[in-house]
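Shown next: query_10.txt, containing compact mmCIF, C-alpha atoms.
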```txt
# COMPACT_ATOMS: atom_id res chain seq x y z
CA MET J 1 8.23 123.89 243.56
CA ALA J 2 8.14 120.14 244.00
CA LEU J 3 7.12 119.79 240.37
CA GLY J 4 9.98 122.02 239.31
CA VAL J 5 12.44 119.89 241.28
CA ALA J 6 10.98 116.72 239.82
CA SER J 7 11.16 118.11 236.31
CA ARG J 8 14.83 118.94 236.77
CA ASP J 9 15.46 115.43 238.10
CA PRO J 10 13.76 112.94 235.72
CA LYS J 11 14.74 110.00 237.89
CA HIS J 12 13.07 111.57 240.91
CA TYR J 13 10.03 112.48 238.81
CA TRP J 14 9.43 108.93 237.55
CA ARG J 15 9.89 107.51 241.00
CA SER J 16 7.29 109.95 242.28
CA LEU J 17 4.58 108.30 240.17
CA PRO J 18 2.73 105.38 241.82
CA VAL J 19 3.18 102.76 239.08
CA GLU J 20 6.77 103.62 238.34
CA ALA J 21 7.52 103.71 242.03
CA ALA J 22 6.26 100.17 242.35
CA ILE J 23 8.43 99.10 239.43
CA PHE J 24 11.54 100.71 240.93
CA ALA J 25 10.77 99.16 244.31
CA GLY J 26 10.24 95.73 242.76
CA ALA J 27 13.42 95.94 240.70
CA SER J 28 15.46 96.41 243.84
CA HIS J 29 13.71 93.58 245.68
CA PRO J 30 16.03 90.58 246.03
CA MET J 31 13.18 88.09 245.54
CA LEU J 32 12.31 89.55 242.13
CA SER J 33 15.98 89.49 241.16
CA ASN J 34 16.19 85.81 242.12
CA VAL J 35 13.04 84.97 240.15
CA LEU J 36 14.33 86.77 237.05
CA GLN J 37 17.69 85.06 237.39
CA PHE J 38 16.04 81.65 237.70
CA CYS J 39 13.74 82.30 234.72
CA ALA J 40 16.64 83.47 232.55
CA GLY J 41 18.63 80.38 233.47
CA LEU J 42 15.63 78.16 232.81
CA VAL J 43 15.18 79.62 229.32
CA LEU J 44 18.83 78.90 228.54
CA LEU J 45 18.45 75.37 229.93
CA LEU J 46 15.39 74.69 227.76
CA VAL J 47 17.02 76.06 224.61
CA GLY J 48 20.20 74.11 225.29
CA GLY J 49 18.23 70.95 226.00
CA ARG J 50 16.24 71.40 222.79
CA LEU J 51 19.45 71.66 220.77
CA LEU J 52 20.70 68.44 222.34
CA VAL J 53 17.42 66.65 221.66
CA ALA J 54 17.47 67.71 218.01
CA ALA J 55 21.07 66.58 217.63
CA SER J 56 20.41 63.32 219.46
CA VAL J 57 17.35 62.35 217.42
CA ASP J 58 19.04 63.24 214.12
CA THR J 59 22.03 61.13 215.16
CA ALA J 60 19.65 58.25 215.80
CA LYS J 61 17.99 58.75 212.42
CA ARG J 62 21.32 58.47 210.69
CA MET J 63 22.16 55.35 212.72
CA ARG J 64 18.67 53.84 212.02
CA VAL J 65 17.71 52.63 215.50
CA SER J 66 14.20 52.09 216.88
CA PRO J 67 12.12 54.90 218.44
CA LEU J 68 11.85 53.05 221.76
CA VAL J 69 15.63 52.80 222.07
CA VAL J 70 15.99 56.44 221.03
CA GLY J 71 13.46 57.48 223.69
CA LEU J 72 15.21 55.43 226.36
CA THR J 73 18.67 56.75 225.53
CA LEU J 74 19.41 59.75 223.32
CA VAL J 75 16.14 61.67 223.74
CA ALA J 76 15.94 60.88 227.47
CA TRP J 77 19.52 62.01 228.00
CA GLY J 78 19.00 65.13 225.91
CA THR J 79 15.81 66.19 227.68
CA SER J 80 17.44 65.47 231.06
CA ALA J 81 20.44 67.64 230.20
CA PRO J 82 18.93 70.67 232.06
CA GLU J 83 18.74 68.61 235.26
CA LEU J 84 22.31 67.37 234.75
CA ALA J 85 23.70 70.87 234.27
CA LEU J 86 21.69 72.40 237.11
CA ASN J 87 22.47 69.67 239.62
CA LEU J 88 26.17 69.34 238.87
CA ILE J 89 26.61 73.08 239.32
CA SER J 90 24.47 73.03 242.48
CA ALA J 91 26.55 70.17 243.91
CA SER J 92 29.81 71.95 243.04
CA LYS J 93 28.52 75.01 244.93
CA GLY J 94 27.69 72.95 248.01
CA ARG J 95 23.92 72.80 247.39
CA GLY J 96 23.57 69.03 247.46
CA ASN J 97 20.05 69.09 248.89
CA LEU J 98 18.81 71.43 246.14
CA ALA J 99 20.24 68.95 243.63
CA LEU J 100 18.61 65.97 245.38
CA GLY J 101 15.28 67.80 245.55
CA ASN J 102 15.43 68.55 241.83
CA ILE J 103 16.28 64.93 240.94
CA VAL J 104 13.42 63.58 243.06
CA GLY J 105 11.02 66.23 241.77
CA ALA J 106 12.01 65.60 238.14
CA ASN J 107 11.35 61.87 238.52
CA ILE J 108 7.97 62.61 240.07
CA CYS J 109 7.13 64.97 237.20
CA ASN J 110 8.14 62.36 234.61
CA MET J 111 6.01 59.60 236.11
CA ALA J 112 2.98 61.58 237.31
CA LEU J 113 2.81 64.77 235.25
CA VAL J 114 4.34 63.80 231.89
CA LEU J 115 2.93 60.26 231.66
CA GLY J 116 -0.40 61.39 233.08
CA LEU J 117 -0.76 64.23 230.60
CA CYS J 118 0.34 62.08 227.64
CA ALA J 119 -2.07 59.30 228.62
CA LEU J 120 -4.96 61.78 228.76
CA ILE J 121 -4.21 62.79 225.16
CA LYS J 122 -3.90 59.20 223.97
CA PRO J 123 -3.56 55.90 225.88
CA LEU J 124 0.09 54.85 225.94
CA VAL J 125 0.83 51.38 224.60
CA VAL J 126 3.48 49.72 226.78
CA GLN J 127 5.83 47.54 224.75
CA GLU J 128 6.79 44.13 226.09
CA ARG J 129 10.43 45.16 226.46
CA LEU J 130 9.46 47.93 228.89
CA ILE J 131 7.34 45.54 230.93
CA ARG J 132 10.13 42.99 231.13
CA LEU J 133 13.06 45.34 231.82
CA GLU J 134 12.81 49.13 232.13
CA ILE J 135 9.74 49.37 234.36
CA TRP J 136 11.20 46.86 236.81
CA LEU J 137 14.62 48.53 236.67
CA ASN J 138 13.00 51.92 237.27
CA ALA J 139 11.10 50.55 240.28
CA GLY J 140 14.28 48.99 241.66
CA ILE J 141 16.56 52.04 241.28
CA LEU J 142 14.01 54.62 242.42
CA GLY J 143 12.79 52.38 245.24
CA PHE J 144 16.38 51.88 246.40
CA MET J 145 16.99 55.63 246.25
CA ALA J 146 13.80 56.35 248.22
CA VAL J 147 14.70 53.84 250.94
CA LEU J 148 18.20 55.29 251.31
CA GLY J 149 16.87 58.85 251.54
CA VAL J 150 14.15 58.05 254.05
CA THR J 151 16.23 55.82 256.32
CA GLY J 152 19.83 56.91 256.60
CA GLY J 153 20.97 59.30 253.89
CA PHE J 154 23.38 58.69 251.04
CA GLN J 155 26.96 57.46 250.91
CA THR J 156 29.48 57.86 248.12
CA TRP J 157 29.59 54.14 247.36
CA GLU J 158 25.81 54.01 246.99
CA ALA J 159 25.91 56.78 244.40
CA GLY J 160 28.73 54.95 242.62
CA LEU J 161 26.69 51.73 242.61
CA MET J 162 23.69 53.47 241.01
CA LEU J 163 25.96 55.08 238.42
CA GLY J 164 27.52 51.71 237.63
CA VAL J 165 24.13 50.01 237.20
CA PHE J 166 22.95 52.76 234.88
CA GLY J 167 26.18 52.64 232.87
CA GLY J 168 25.88 48.87 232.40
CA TYR J 169 22.24 49.11 231.39
CA SER J 170 22.94 51.92 228.89
CA MET J 171 25.86 50.09 227.31
CA TRP J 172 23.79 46.92 226.91
CA THR J 173 20.85 48.86 225.42
CA ILE J 174 22.99 50.69 222.86
CA MET J 175 24.98 47.60 221.83
CA ALA J 176 21.79 45.56 221.44
CA ALA J 177 20.25 48.30 219.25
CA LEU J 178 23.33 48.47 217.05
CA ARG J 179 23.40 44.69 216.65
CA GLN J 180 19.74 44.74 215.63
CA THR J 181 20.48 47.46 213.06
CA ASP J 182 23.43 45.52 211.62
CA ALA J 183 21.29 42.36 211.38
CA ALA J 184 18.54 44.08 209.38
CA PRO J 185 18.26 42.77 205.79
CA SER J 186 18.46 46.30 204.34
CA PRO J 187 18.93 49.93 205.48
CA HIS J 188 15.23 50.54 204.77
CA ALA J 189 14.23 47.65 207.04
CA ALA J 190 16.47 48.96 209.82
CA ASP J 191 15.09 52.50 209.57
CA THR J 192 12.25 52.12 212.08
CA LEU J 193 12.57 55.50 213.76
CA GLY J 194 10.26 57.46 211.48
CA ASP J 195 9.94 61.22 211.86
CA ASP J 196 11.07 63.11 214.91
CA PRO J 197 7.72 64.28 216.38
CA THR J 198 9.25 67.60 217.42
CA ARG J 199 10.79 68.47 214.05
CA GLU J 200 9.59 68.12 210.46
CA GLN J 201 12.90 68.69 208.63
CA ALA J 202 15.23 66.06 207.24
CA PRO J 203 18.09 64.95 209.54
CA MET J 204 20.89 67.46 209.97
CA GLY J 205 24.39 66.85 208.66
CA TRP J 206 27.11 65.65 211.02
CA MET J 207 28.71 69.13 211.20
CA MET J 208 25.42 70.75 212.23
CA ILE J 209 24.76 67.94 214.72
CA GLY J 210 28.16 68.61 216.30
CA ALA J 211 27.45 72.34 216.45
CA CYS J 212 24.11 71.70 218.18
CA PHE J 213 25.80 69.48 220.75
CA VAL J 214 28.47 72.08 221.52
CA GLY J 215 26.04 75.01 221.57
CA GLY J 216 23.55 73.09 223.69
CA LEU J 217 26.20 72.15 226.26
CA ALA J 218 27.39 75.78 226.48
CA LEU J 219 23.86 77.06 227.07
CA LEU J 220 23.24 74.34 229.65
CA SER J 221 26.39 75.26 231.56
CA PHE J 222 25.61 78.98 231.76
CA GLY J 223 21.87 78.48 232.27
CA GLY J 224 22.47 75.90 235.00
CA SER J 225 24.59 78.34 236.97
CA LEU J 226 21.98 81.10 236.69
CA ALA J 227 19.08 78.80 237.59
CA SER J 228 20.92 77.29 240.56
CA ASP J 229 21.80 80.69 242.02
CA GLY J 230 18.27 81.97 241.42
CA ALA J 231 16.59 78.93 242.99
CA SER J 232 18.87 79.07 246.02
CA GLY J 233 18.11 82.78 246.41
CA MET J 234 14.36 82.14 246.18
CA ALA J 235 14.59 79.52 248.92
CA LEU J 236 16.46 81.92 251.21
CA ALA J 237 14.05 84.78 250.45
CA LEU J 238 10.99 82.60 251.10
CA GLY J 239 12.51 81.03 254.19
CA VAL J 240 11.78 77.47 253.01
CA PRO J 241 14.22 74.59 252.55
CA ALA J 242 16.05 74.63 249.22
CA ALA J 243 15.04 70.99 248.75
CA ILE J 244 11.34 71.95 248.62
CA VAL J 245 12.04 74.59 245.96
CA GLY J 246 13.99 71.96 244.00
CA VAL J 247 11.22 69.39 244.26
CA THR J 248 8.49 71.74 243.01
CA VAL J 249 9.37 74.93 241.11
CA VAL J 250 12.78 73.88 239.78
CA SER J 251 11.76 70.32 238.86
CA ILE J 252 8.69 71.46 236.92
CA GLY J 253 10.82 73.94 235.01
CA THR J 254 13.58 71.49 234.14
CA THR J 255 11.06 68.80 233.13
CA LEU J 256 9.47 70.99 230.45
CA PRO J 257 11.61 69.37 227.68
CA GLU J 258 10.29 65.91 228.59
CA MET J 259 6.73 67.25 228.71
CA VAL J 260 6.95 68.99 225.32
CA THR J 261 8.66 66.02 223.69
CA GLY J 262 6.16 63.56 225.15
CA VAL J 263 3.09 65.57 224.11
CA MET J 264 4.39 66.06 220.58
CA ALA J 265 5.31 62.39 220.31
CA VAL J 266 1.83 61.27 221.38
CA ARG J 267 0.12 63.68 218.98
CA LYS J 268 2.24 62.18 216.20
CA GLY J 269 1.21 58.68 217.28
CA GLN J 270 4.66 57.72 218.65
CA THR J 271 3.53 56.65 222.11
CA ASP J 272 6.53 54.34 222.46
CA LEU J 273 8.87 57.34 222.14
CA ALA J 274 6.89 59.23 224.81
CA MET J 275 6.88 56.26 227.19
CA GLY J 276 10.54 55.52 226.59
CA ASN J 277 11.46 59.17 227.08
CA ALA J 278 9.77 59.41 230.48
CA LEU J 279 11.21 56.14 231.78
CA GLY J 280 14.63 56.80 230.29
CA SER J 281 14.70 60.23 231.92
CA CYS J 282 13.90 58.73 235.33
CA LEU J 283 16.69 56.18 234.94
CA PHE J 284 19.10 58.89 233.77
CA ASN J 285 18.13 61.20 236.66
CA ALA J 286 18.52 58.55 239.33
CA GLY J 287 21.41 56.59 237.83
CA ALA J 288 23.59 59.10 236.00
CA ILE J 289 22.78 62.49 237.54
CA PHE J 290 22.36 61.36 241.13
CA GLY J 291 25.30 58.99 240.76
CA ILE J 292 27.60 61.81 239.64
CA VAL J 293 26.18 64.34 242.12
CA GLY J 294 26.52 61.80 244.94
CA LEU J 295 30.17 61.27 244.07
CA VAL J 296 30.81 65.04 244.03
CA ALA J 297 28.81 65.98 247.14
CA PRO J 298 26.64 63.25 248.77
CA PRO J 299 23.39 64.92 249.99
CA ALA J 300 22.63 64.73 253.69
CA ARG J 301 19.40 63.27 255.02
CA ASP J 302 16.76 66.01 254.75
CA GLY J 303 13.45 65.84 256.59
CA ALA J 304 11.83 68.09 253.99
CA LEU J 305 12.36 65.36 251.37
CA MET J 306 10.79 62.46 253.26
CA LEU J 307 7.40 62.85 251.57
CA PRO J 308 8.77 63.47 248.04
CA LEU J 309 11.11 60.48 248.28
CA ALA J 310 8.30 58.22 249.50
CA TYR J 311 5.95 59.48 246.76
CA MET J 312 8.63 58.90 244.10
CA GLY J 313 9.15 55.31 245.27
CA ILE J 314 5.42 54.63 245.33
CA LEU J 315 4.99 55.99 241.81
CA ALA J 316 7.83 53.85 240.47
CA ILE J 317 6.35 50.70 242.00
CA ALA J 318 2.81 51.63 240.88
CA LEU J 319 3.96 51.73 237.24
CA VAL J 320 4.50 47.95 237.39
CA PRO J 321 0.77 47.06 237.67
CA ILE J 322 -0.26 50.13 235.63
CA SER J 323 1.77 48.86 232.66
CA ARG J 324 -0.03 45.51 232.71
CA THR J 325 -3.64 46.67 232.97
CA PHE J 326 -6.08 47.84 230.26
CA GLY J 327 -4.48 45.68 227.61
CA LYS J 328 -0.93 46.73 228.55
CA THR J 329 -1.60 50.44 228.12
CA VAL J 330 -1.54 53.48 230.39
CA SER J 331 -5.20 54.38 230.00
CA ARG J 332 -6.82 57.81 230.23
CA LEU J 333 -8.26 56.83 233.62
CA GLU J 334 -4.80 55.93 234.91
CA GLY J 335 -3.42 59.14 233.43
CA ALA J 336 -6.08 61.14 235.28
CA LEU J 337 -5.22 59.33 238.52
CA LEU J 338 -1.52 60.10 238.06
CA LEU J 339 -2.28 63.79 237.50
CA THR J 340 -4.63 63.89 240.49
CA SER J 341 -1.99 62.36 242.75
CA TYR J 342 0.52 64.93 241.51
CA GLY J 343 -1.88 67.79 242.27
CA ALA J 344 -2.38 66.43 245.78
CA PHE J 345 1.40 66.16 246.23
CA LEU J 346 1.87 69.79 245.20
CA ALA J 347 -0.86 70.89 247.60
CA VAL J 348 0.72 69.04 250.52
CA SER J 349 4.15 70.43 249.59
CA ALA J 350 2.74 73.98 249.53
CA VAL J 351 1.21 73.56 252.97
CA SER J 352 4.47 72.12 254.31
CA ALA J 353 6.47 75.01 252.83
CA ALA J 354 4.06 77.56 254.34
CA ARG J 355 4.44 76.01 257.78
CA SER J 356 8.24 75.98 257.59
CA ALA J 357 8.44 79.56 256.29
```
This entry written out as structure tokens:
Amino acid sequence: MALGVASRDPKHYWRSLPVEAAIFAGASHPMLSNVLQFCAGLVLLLVGGRLLVAASVDTAKRMRVSPLVVGLTLVAWGTSAPELALNLISASKGRGNLALGNIVGANICNMALVLGLCALIKPLVVQERLIRLEIWLNAGILGFMAVLGVTGGFQTWEAGLMLGVFGGYSMWTIMAALRQTDAAPSPHAADTLGDDPTREQAPMGWMMIGACFVGGLALLSFGGSLASDGASGMALALGVPAAIVGVTVVSIGTTLPEMVTGVMAVRKGQTDLAMGNALGSCLFNAGAIFGIVGLVAPPARDGALMLPLAYMGILAIALVPISRTFGKTVSRLEGALLLTSYGAFLAVSAVSAARSA
């Protein structure tokens, strides 16, 4: 009789089976829904970021600027576009601490995970320009941000100051690169970029570049909204602070473009592009993204972010001596140490999240 009822009601029949029952139960579980929403948003963020990177690098090829400058500016901004979209939408929805956690976590990933992994593949040669300017600027901005977060929280004017410093630095970098290109004796001499390590084709035309920019921005906008809602839902379902989710799960996901670009660049022998991309992304995250987010919705002081903020500041300062040792390279040993420290940080974060759950 039960079988006859089940056969007349297919929905009831499938739910009566153990495996299918588990699937139906899982599909209605809010945690699974949040995870799927976050993953879908993350895929859109990565695709949108990849379109922006392709358009940015091809723009640089046509403008004939150096790979280091491209890594510090266009590629860094393109690969950081997922963080920008996610955090602006999070801030606009009143989730300032999720945004701050993602910014801090993304910077940690860039310095410990991306640079550590790239250095294990091939030691990263640190150009003199990075030693003289970007590494010190990175230590100053990230150290300043860490001190503010640990001591008294963030004010609107502080976010504006960081945005202004980043804007001035970016304008100077771009103008200097263009002057160097104009001063080259020939277009061939100015064309020092070489091949994009993530793409083998010739540079796209200006129309296709524009289409990639527009399409990438659209995907980033929609994907950022999905990922922000999913991450916030996961934090509520797990009972842990949203900032911890932003510092770990979300930051690793949104840093995948930097990781892929860096690994491909190193395998193609363009270690300066990989190094510039990681440092440029940190500067963009702290200066541009946090500056804008802080103007929209300044994050409050969050006890869950004390350790991540301190670790971020320590990493930024540690890059100063790291860049000067082993013949001004980030060696495989230093890469292994960076990765080990990141693993320890994740372990401590997991324990902290378990205790607060």
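Atom CA of J:Val247 is found 19.1 Å from atom CA of J:Ala40.
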Per residue of stretch 257-295 of chain J within 10 Å of stretch 109-129 of chain J, record the nearest atom pair and its distance in Å to one decimal, counting only C-alpha atoms, with rows in chain order and ascending residue number, as JSON lines.
```
{"residue": "J:Glu258", "atom": "CA", "partner": "J:Val114", "partner_atom": "CA", "distance": 7.1}
{"residue": "J:Met259", "atom": "CA", "partner": "J:Val114", "partner_atom": "CA", "distance": 5.3}
{"residue": "J:Val260", "atom": "CA", "partner": "J:Val114", "partner_atom": "CA", "distance": 8.8}
{"residue": "J:Thr261", "atom": "CA", "partner": "J:Val114", "partner_atom": "CA", "distance": 9.5}
{"residue": "J:Gly262", "atom": "CA", "partner": "J:Cys118", "partner_atom": "CA", "distance": 6.5}
{"residue": "J:Val263", "atom": "CA", "partner": "J:Cys118", "partner_atom": "CA", "distance": 5.7}
{"residue": "J:Met264", "atom": "CA", "partner": "J:Cys118", "partner_atom": "CA", "distance": 9.1}
{"residue": "J:Ala265", "atom": "CA", "partner": "J:Cys118", "partner_atom": "CA", "distance": 8.9}
{"residue": "J:Val266", "atom": "CA", "partner": "J:Cys118", "partner_atom": "CA", "distance": 6.5}
{"residue": "J:Arg267", "atom": "CA", "partner": "J:Ile121", "partner_atom": "CA", "distance": 7.6}
{"residue": "J:Gly269", "atom": "CA", "partner": "J:Lys122", "partner_atom": "CA", "distance": 8.4}
{"residue": "J:Gln270", "atom": "CA", "partner": "J:Leu124", "partner_atom": "CA", "distance": 9.1}
{"residue": "J:Thr271", "atom": "CA", "partner": "J:Leu124", "partner_atom": "CA", "distance": 5.5}
{"residue": "J:Asp272", "atom": "CA", "partner": "J:Val125", "partner_atom": "CA", "distance": 6.8}
{"residue": "J:Leu273", "atom": "CA", "partner": "J:Leu124", "partner_atom": "CA", "distance": 9.9}
{"residue": "J:Ala274", "atom": "CA", "partner": "J:Cys118", "partner_atom": "CA", "distance": 7.7}
{"residue": "J:Met275", "atom": "CA", "partner": "J:Leu124", "partner_atom": "CA", "distance": 7.0}
{"residue": "J:Gly276", "atom": "CA", "partner": "J:Val126", "partner_atom": "CA", "distance": 9.1}
{"residue": "J:Asn277", "atom": "CA", "partner": "J:Asn110", "partner_atom": "CA", "distance": 8.8}
{"residue": "J:Ala278", "atom": "CA", "partner": "J:Asn110", "partner_atom": "CA", "distance": 5.3}
{"residue": "J:Leu279", "atom": "CA", "partner": "J:Asn110", "partner_atom": "CA", "distance": 7.5}
{"residue": "J:Gly280", "atom": "CA", "partner": "J:Asn110", "partner_atom": "CA", "distance": 9.6}
{"residue": "J:Ser281", "atom": "CA", "partner": "J:Asn110", "partner_atom": "CA", "distance": 7.4}
{"residue": "J:Cys282", "atom": "CA", "partner": "J:Asn110", "partner_atom": "CA", "distance": 6.8}
```
**Prompt:** So, counting all atoms listed in the file, which residue among J:Leu309, J:Cys212, J:Leu339, J:Ile131 is closest to J:Thr325?
**Reply:** J:Ile131
**Item:** Point-to-point distance in Å for atom CA of J:Met207 and atom CA of J:Leu84
**Value:** 24.5 Å
**Request:** For stretch 341-348 of chain J, please output as an MDAnalysis selection string all residues within 9 Å (counting all atoms listed in the file; exclusion window: fewer than 2 positions along the same chain).
**Result:** chainID J and resid 108:109 112:113 248 307:308 311 336:339 350:353
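The interatomic distance for the pair atom CA of J:Arg355 and atom CA of J:Leu86 works out to 27.2 Å.
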**Proximity to J:Leu100 - best of J:Ala159, J:Leu45, J:Ile209, J:Met175, all atoms listed in the file** = J:Ala159
**Item:** Contacts of J:Asp229 at 12 Å (only C-alpha atoms; same-chain gap of 5+ positions) as a PyMOL selection string
**Value:** chain J and resi 31+33-42+86-87+89-95+98-99+222-224+234-236+242+246+250
**Nearest to J:Met312, chosen from J:Ala286, J:Ala300, J:Leu46, J:Ala218, with all atoms listed in the file counted in the distances** =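 Looking at the shortest contact to J:Met312, the residue is J:Ala286.
If all atoms listed in the file are the atoms counted, then among J:Ala318, J:Arg324, J:Ile174, J:Arg332 the closest residue to J:Arg132 is J:Arg324.
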As JSON: centre and edge lengths in Å, one decimal, of the axis-aligned box holding stretch 39-42 of chain J with 3 Å per side:
```
{"center_x": 16.2, "center_y": 80.8, "center_z": 233.6, "size_x": 10.9, "size_y": 11.3, "size_z": 8.2}
```
**Message:** With all atoms listed in the file as the counted atoms, please give the residues lying no more than 10 Å from J:Ser170, apart from itself and same-chain residues fewer than 4 positions off, as an NGL selection string.
**Reply:** :J and (72-73 or 164-166 or 174-176 or 280 or 283-284)
**Request:** Compare J:Leu238, J:Val296, J:Gly205, J:Leu305 by their minimum atom-to-atom distance to J:Ala354, counting all atoms listed in the file, and give me the closest one.
**Result:**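 Closest to J:Ala354 of all the choices is J:Leu238.
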